[in-house]
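Colleague: Following this message is one structure expressed as structure tokens.
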Amino acid sequence: MTRTRQQIWRSRGFTLIEILMTIVVIGILATVALRSLQSGIDQSRIRETQEEMDELVMAIAGNPGLYANGLRSDFGYVGDVGSVPSTLDNLMTNPGSYATWKGPYMGRRFTQDADGYKRDAWGNLYTFTSGITISSTGAGATAMTKSAAAASTDLTSTPVIGTITDAAGNPPGDSSVAITVRITYPNGTGSTTSATTSPNNGGAFSISGIPIGNHTITAVYRATADTVYALASSLPKTGAFVNFRLPGSPFASSGGGGGASGSIVYVSGSAQTNGNDIEFQITNNGGSTVTITSLVATYTHTPSGYFKKVKWNGSTVFDQNNPRAGSGDTVNLSSSKTLAVGATATISLESFKDAPTGGDDLTMSNTTFTITFSDGSVITFNSGA
């Protein structure tokens with residue numbers, strides 16, 4: 001049987017239609033493969049960018065999963081400096097010879113790619129806003145945003161609260177004015193600053209505006225010169241709680257109202273104003289001799305007043321001009337002063353001015369003063385006309 005021409009042709013290869021169909025199928029498969037490959041690349045870039053943004057967030061506010069001795073140990077840039085970074089550059093380069101800056105805060109791999117931490121996986125620069133939010137435009141449809149906190153104040157202005165009692169659990173009562181609680185923290189511009197307060201009669205205290213981080217906090221009971229220390233680990237937004245206990249039971253003998261304090265009383269009507277000085281008298285109304293090593297004068301005046309000298313029976317026991325002492329400052333006497341039972345002493349606060357350094361003379365007439373002595377005694381009087 002002889003084969004037809006068409007059969008012979010078919011036996012030699014593909015028809016044109018078959019070839020075209022093969023090309024179409026290959027094109028479709030190639031398109032699908034390219035799309036799959038591109039999708040895989042995009043997903044890889046998304047993951048890489050998200051991981052880098054997480055690292056940036058932790059560089060700003062620390063890694064919440066790192067702990068040491070029961071306390072969170074990493075608070076990033078904000079924990080060291082006390083403010084949020086103004087640019088992402090601050091995370092790798094000290095913004096101004098800040099003594100408290102402990103960076104770089106990003107991984108070592110960026111030492112080879114100096115600007116790599118500022119770009120997403122597509123090579124686009126991150127957008128950095130409010131010192132806490134990093135945004136990536138990605139490939140358009142894959143835009144991403146990460147924030148270190150809901151608001152910058154959640155990182156830079158947290159509350160530190162606590163209580164202080166003696167070892168027996170007694171609150172300070174009236175002796176609360178003889179207690180100074182002080183916390184030291186980074187000031188946001190490369191150094192440190194402090195904030196102070198006194199507890200209420202129940203022993204509770206609160207200090208606001210503290211940045212996140214581990215900060216040293218002390219409580220000093222001036223009547224006995226006892227000082228206790230703690231580490232306040234202030235977390236984002238929630239802040240920190242600190243519980244102080246003084247040794248012994250100094251608050252017990254007066255039912256939580258000041259122990260052996262109260263021996264010194266104000267001599268009624270003795271206060272007077274002499275130019276920019278004030279003078280008043282005290283007497284020991286207790287049962288034993290009192291020794292005074294320091295005092296704190298608390299008062300409210302507009303403008304604020306600052307005094308240079310303290311005299312005890314005419315002898316200068318404090319002289320400081322740069323800066324002068326102000327309301328709430330502890331004034332340590334250059335020599336301790338004793339006051340026998342029934343004895344009287346004249347004290348003067350002198351050379352008031354309206355600024356801690358420099359300034360003009362200031363008359364402190366008709367101002368209410370509260371003086372807390374180192375033995376825990378507290379007196380209150382009006383300076384008069």
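Ligands are numbered from 1 in the order shown, residues from 1 within each chain, and chains are lettered A, B, ... in the order they appear in the structure tokens.
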Among region 93-213 of chain A, which residues carry a DSSP assignment of strand (DSSP E or B), reported as a ChimeraX atom specification?

Modeller: /A:119,125,127-129,133-136,144-147,158-166,179-186,192-197,204-210,213

Colleague: Find the spatial neighbours of Thr372 (chain A), counting only C-alpha atoms, within a cut-off of 8 Å - ignore same-chain residues fewer than 5 positions away - and output them as an NGL selection string.

Modeller: :A and (177-178 or 295-297 or 377-379)

Colleague: Store the residues of this selection in a file with N, CA and C atoms, as a short mmCIF file (atom, residue, chain, number, x, y, z; two decimals), in the first residue's frame.

Modeller:
```cif
data_model
loop_
_atom_site.label_atom_id
_atom_site.label_comp_id
_atom_site.auth_asym_id
_atom_site.auth_seq_id
_atom_site.Cartn_x
_atom_site.Cartn_y
_atom_site.Cartn_z
N VAL A 177 7.84 65.36 105.31
CA VAL A 177 8.53 66.54 104.79
C VAL A 177 10.04 66.46 104.98
N ALA A 178 10.49 65.53 105.84
CA ALA A 178 11.92 65.36 106.08
C ALA A 178 12.52 64.29 105.17
N LEU A 295 19.07 71.80 106.96
CA LEU A 295 17.68 72.23 106.96
C LEU A 295 17.20 72.41 105.53
N VAL A 296 15.89 72.37 105.36
CA VAL A 296 15.26 72.60 104.07
C VAL A 296 14.19 73.66 104.25
N ALA A 297 14.27 74.73 103.49
CA ALA A 297 13.26 75.79 103.51
C ALA A 297 12.36 75.61 102.30
N SER A 377 12.21 67.73 112.84
CA SER A 377 11.31 68.79 113.31
C SER A 377 10.90 69.67 112.15
N VAL A 378 9.66 70.14 112.20
CA VAL A 378 9.10 70.99 111.14
C VAL A 378 8.42 72.19 111.77
N ILE A 379 8.74 73.37 111.28
CA ILE A 379 8.05 74.59 111.75
C ILE A 379 7.50 75.33 110.53
#
```

Colleague: Given only C-alpha atoms as the basis, pick out the residue of A:Asn321, A:Thr163, A:Thr346, A:Ser233 nearest to Ser206 (chain A).

Modeller: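 Smallest distance to Ser206 (chain A) is found for A:Thr163.
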
Colleague: Identify, on the basis of only C-alpha atoms, every residue whose closest approach to Leu349 (chain A) does not exceed 12 Å; exclude the query and any residue fewer than 5 positions from it along the same chain; express the result as a tab-separated table (two decimals) with N, CA and C atoms, in the first residue's frame.

Modeller:
```
chain	number	residue	atom	x	y	z
A	271	ALA	N	9.31	86.03	113.53
A	271	ALA	CA	9.72	86.19	112.13
A	271	ALA	C	9.59	87.64	111.69
A	272	GLN	N	10.58	88.09	110.93
A	272	GLN	CA	10.54	89.44	110.39
A	272	GLN	C	11.37	89.50	109.10
A	273	THR	N	11.03	90.47	108.26
A	273	THR	CA	11.75	90.68	107.01
A	273	THR	C	12.63	91.91	107.14
A	274	ASN	N	13.92	91.77	106.78
A	274	ASN	CA	14.85	92.89	106.82
A	274	ASN	C	15.47	93.03	105.43
A	275	GLY	N	14.87	93.89	104.59
A	275	GLY	CA	15.35	94.02	103.21
A	275	GLY	C	15.15	92.71	102.47
A	276	ASN	N	16.26	92.13	101.98
A	276	ASN	CA	16.14	90.83	101.30
A	276	ASN	C	16.61	89.68	102.18
A	277	ASP	N	16.48	89.86	103.52
A	277	ASP	CA	16.75	88.80	104.49
A	277	ASP	C	15.48	88.51	105.28
A	278	ILE	N	15.38	87.29	105.82
A	278	ILE	CA	14.34	86.99	106.80
A	278	ILE	C	15.00	86.41	108.04
A	279	GLU	N	14.35	86.62	109.19
A	279	GLU	CA	14.90	86.15	110.45
A	279	GLU	C	13.79	85.57	111.31
A	280	PHE	N	14.09	84.50	112.04
A	280	PHE	CA	13.10	83.89	112.93
A	280	PHE	C	13.83	83.18	114.07
A	281	GLN	N	13.08	82.83	115.09
A	281	GLN	CA	13.66	82.14	116.25
A	281	GLN	C	13.01	80.78	116.45
A	295	LEU	N	19.07	71.80	106.96
A	295	LEU	CA	17.68	72.23	106.96
A	295	LEU	C	17.20	72.41	105.53
A	296	VAL	N	15.89	72.37	105.36
A	296	VAL	CA	15.26	72.60	104.07
A	296	VAL	C	14.19	73.66	104.25
A	297	ALA	N	14.27	74.73	103.49
A	297	ALA	CA	13.26	75.79	103.51
A	297	ALA	C	12.36	75.61	102.30
A	305	GLY	N	12.41	82.81	94.81
A	305	GLY	CA	13.49	83.41	95.57
A	305	GLY	C	14.59	82.41	95.88
A	306	TYR	N	15.84	82.90	95.89
A	306	TYR	CA	17.01	82.07	96.17
A	306	TYR	C	17.90	82.81	97.16
A	307	PHE	N	18.33	82.10	98.23
A	307	PHE	CA	19.10	82.77	99.27
A	307	PHE	C	20.55	82.28	99.28
A	308	LYS	N	21.46	83.19	99.67
A	308	LYS	CA	22.90	82.92	99.63
A	308	LYS	C	23.41	82.39	100.96
A	309	LYS	N	22.91	82.94	102.07
A	309	LYS	CA	23.49	82.62	103.37
A	309	LYS	C	22.44	82.12	104.36
A	310	VAL	N	22.93	81.31	105.30
A	310	VAL	CA	22.17	80.94	106.50
A	310	VAL	C	23.05	81.26	107.70
A	311	LYS	N	22.48	81.98	108.66
A	311	LYS	CA	23.22	82.28	109.89
A	311	LYS	C	22.48	81.68	111.09
A	312	TRP	N	23.25	81.18	112.02
A	312	TRP	CA	22.72	80.60	113.26
A	312	TRP	C	23.33	81.40	114.41
A	313	ASN	N	22.47	82.15	115.10
A	313	ASN	CA	22.93	83.04	116.18
A	313	ASN	C	24.07	83.94	115.70
A	314	GLY	N	23.94	84.46	114.48
A	314	GLY	CA	24.90	85.41	113.94
A	314	GLY	C	26.08	84.80	113.24
A	315	SER	N	26.29	83.47	113.37
A	315	SER	CA	27.42	82.81	112.71
A	315	SER	C	26.97	82.21	111.38
A	316	THR	N	27.76	82.46	110.34
A	316	THR	CA	27.42	81.92	109.02
A	316	THR	C	27.68	80.42	108.98
A	317	VAL	N	26.63	79.66	108.67
A	317	VAL	CA	26.75	78.20	108.60
A	317	VAL	C	26.49	77.69	107.18
A	318	PHE	N	26.14	78.61	106.28
A	318	PHE	CA	25.96	78.26	104.86
A	318	PHE	C	26.21	79.52	104.05
A	319	ASP	N	27.02	79.38	102.99
A	319	ASP	CA	27.33	80.54	102.14
A	319	ASP	C	27.61	80.01	100.73
A	320	GLN	N	26.64	80.15	99.89
A	320	GLN	CA	26.77	79.60	98.53
A	320	GLN	C	26.12	80.55	97.55
A	324	ARG	N	22.69	79.80	94.31
A	324	ARG	CA	22.10	79.97	95.64
A	324	ARG	C	21.12	78.83	95.90
A	325	ALA	N	20.73	78.70	97.17
A	325	ALA	CA	19.74	77.68	97.55
A	325	ALA	C	18.34	78.20	97.26
A	326	GLY	N	17.46	77.31	96.87
A	326	GLY	CA	16.08	77.67	96.59
A	326	GLY	C	15.11	76.84	97.41
A	327	SER	N	13.84	77.04	97.18
A	327	SER	CA	12.81	76.29	97.89
A	327	SER	C	12.98	74.79	97.65
A	331	VAL	N	20.04	72.32	102.64
A	331	VAL	CA	21.15	73.18	103.01
A	331	VAL	C	21.95	72.47	104.10
A	363	THR	N	12.62	90.95	98.04
A	363	THR	CA	12.03	91.02	99.38
A	363	THR	C	11.02	89.90	99.54
A	364	MET	N	11.19	89.09	100.59
A	364	MET	CA	10.34	87.91	100.80
A	364	MET	C	9.27	88.17	101.85
A	369	PHE	N	6.78	80.21	105.13
A	369	PHE	CA	7.93	79.31	105.07
A	369	PHE	C	7.65	78.07	105.90
A	371	ILE	N	10.09	75.13	107.44
A	371	ILE	CA	11.48	74.75	107.64
A	371	ILE	C	11.52	73.35	108.23
A	383	SER	N	6.69	85.24	107.07
A	383	SER	CA	7.84	86.12	107.23
A	383	SER	C	7.47	87.53	107.66
```

Colleague: When you count only C-alpha atoms, which of these residues is closest to Thr156 (chain A): A:Thr93, A:Thr218, A:Ser365, A:Ser234?

Modeller: A:Ser234

Colleague: Suppose you want the space between CA of Leu155 (chain A) and CA of Tyr105 (chain A); what is it in Å?

Modeller: 16.6 Å
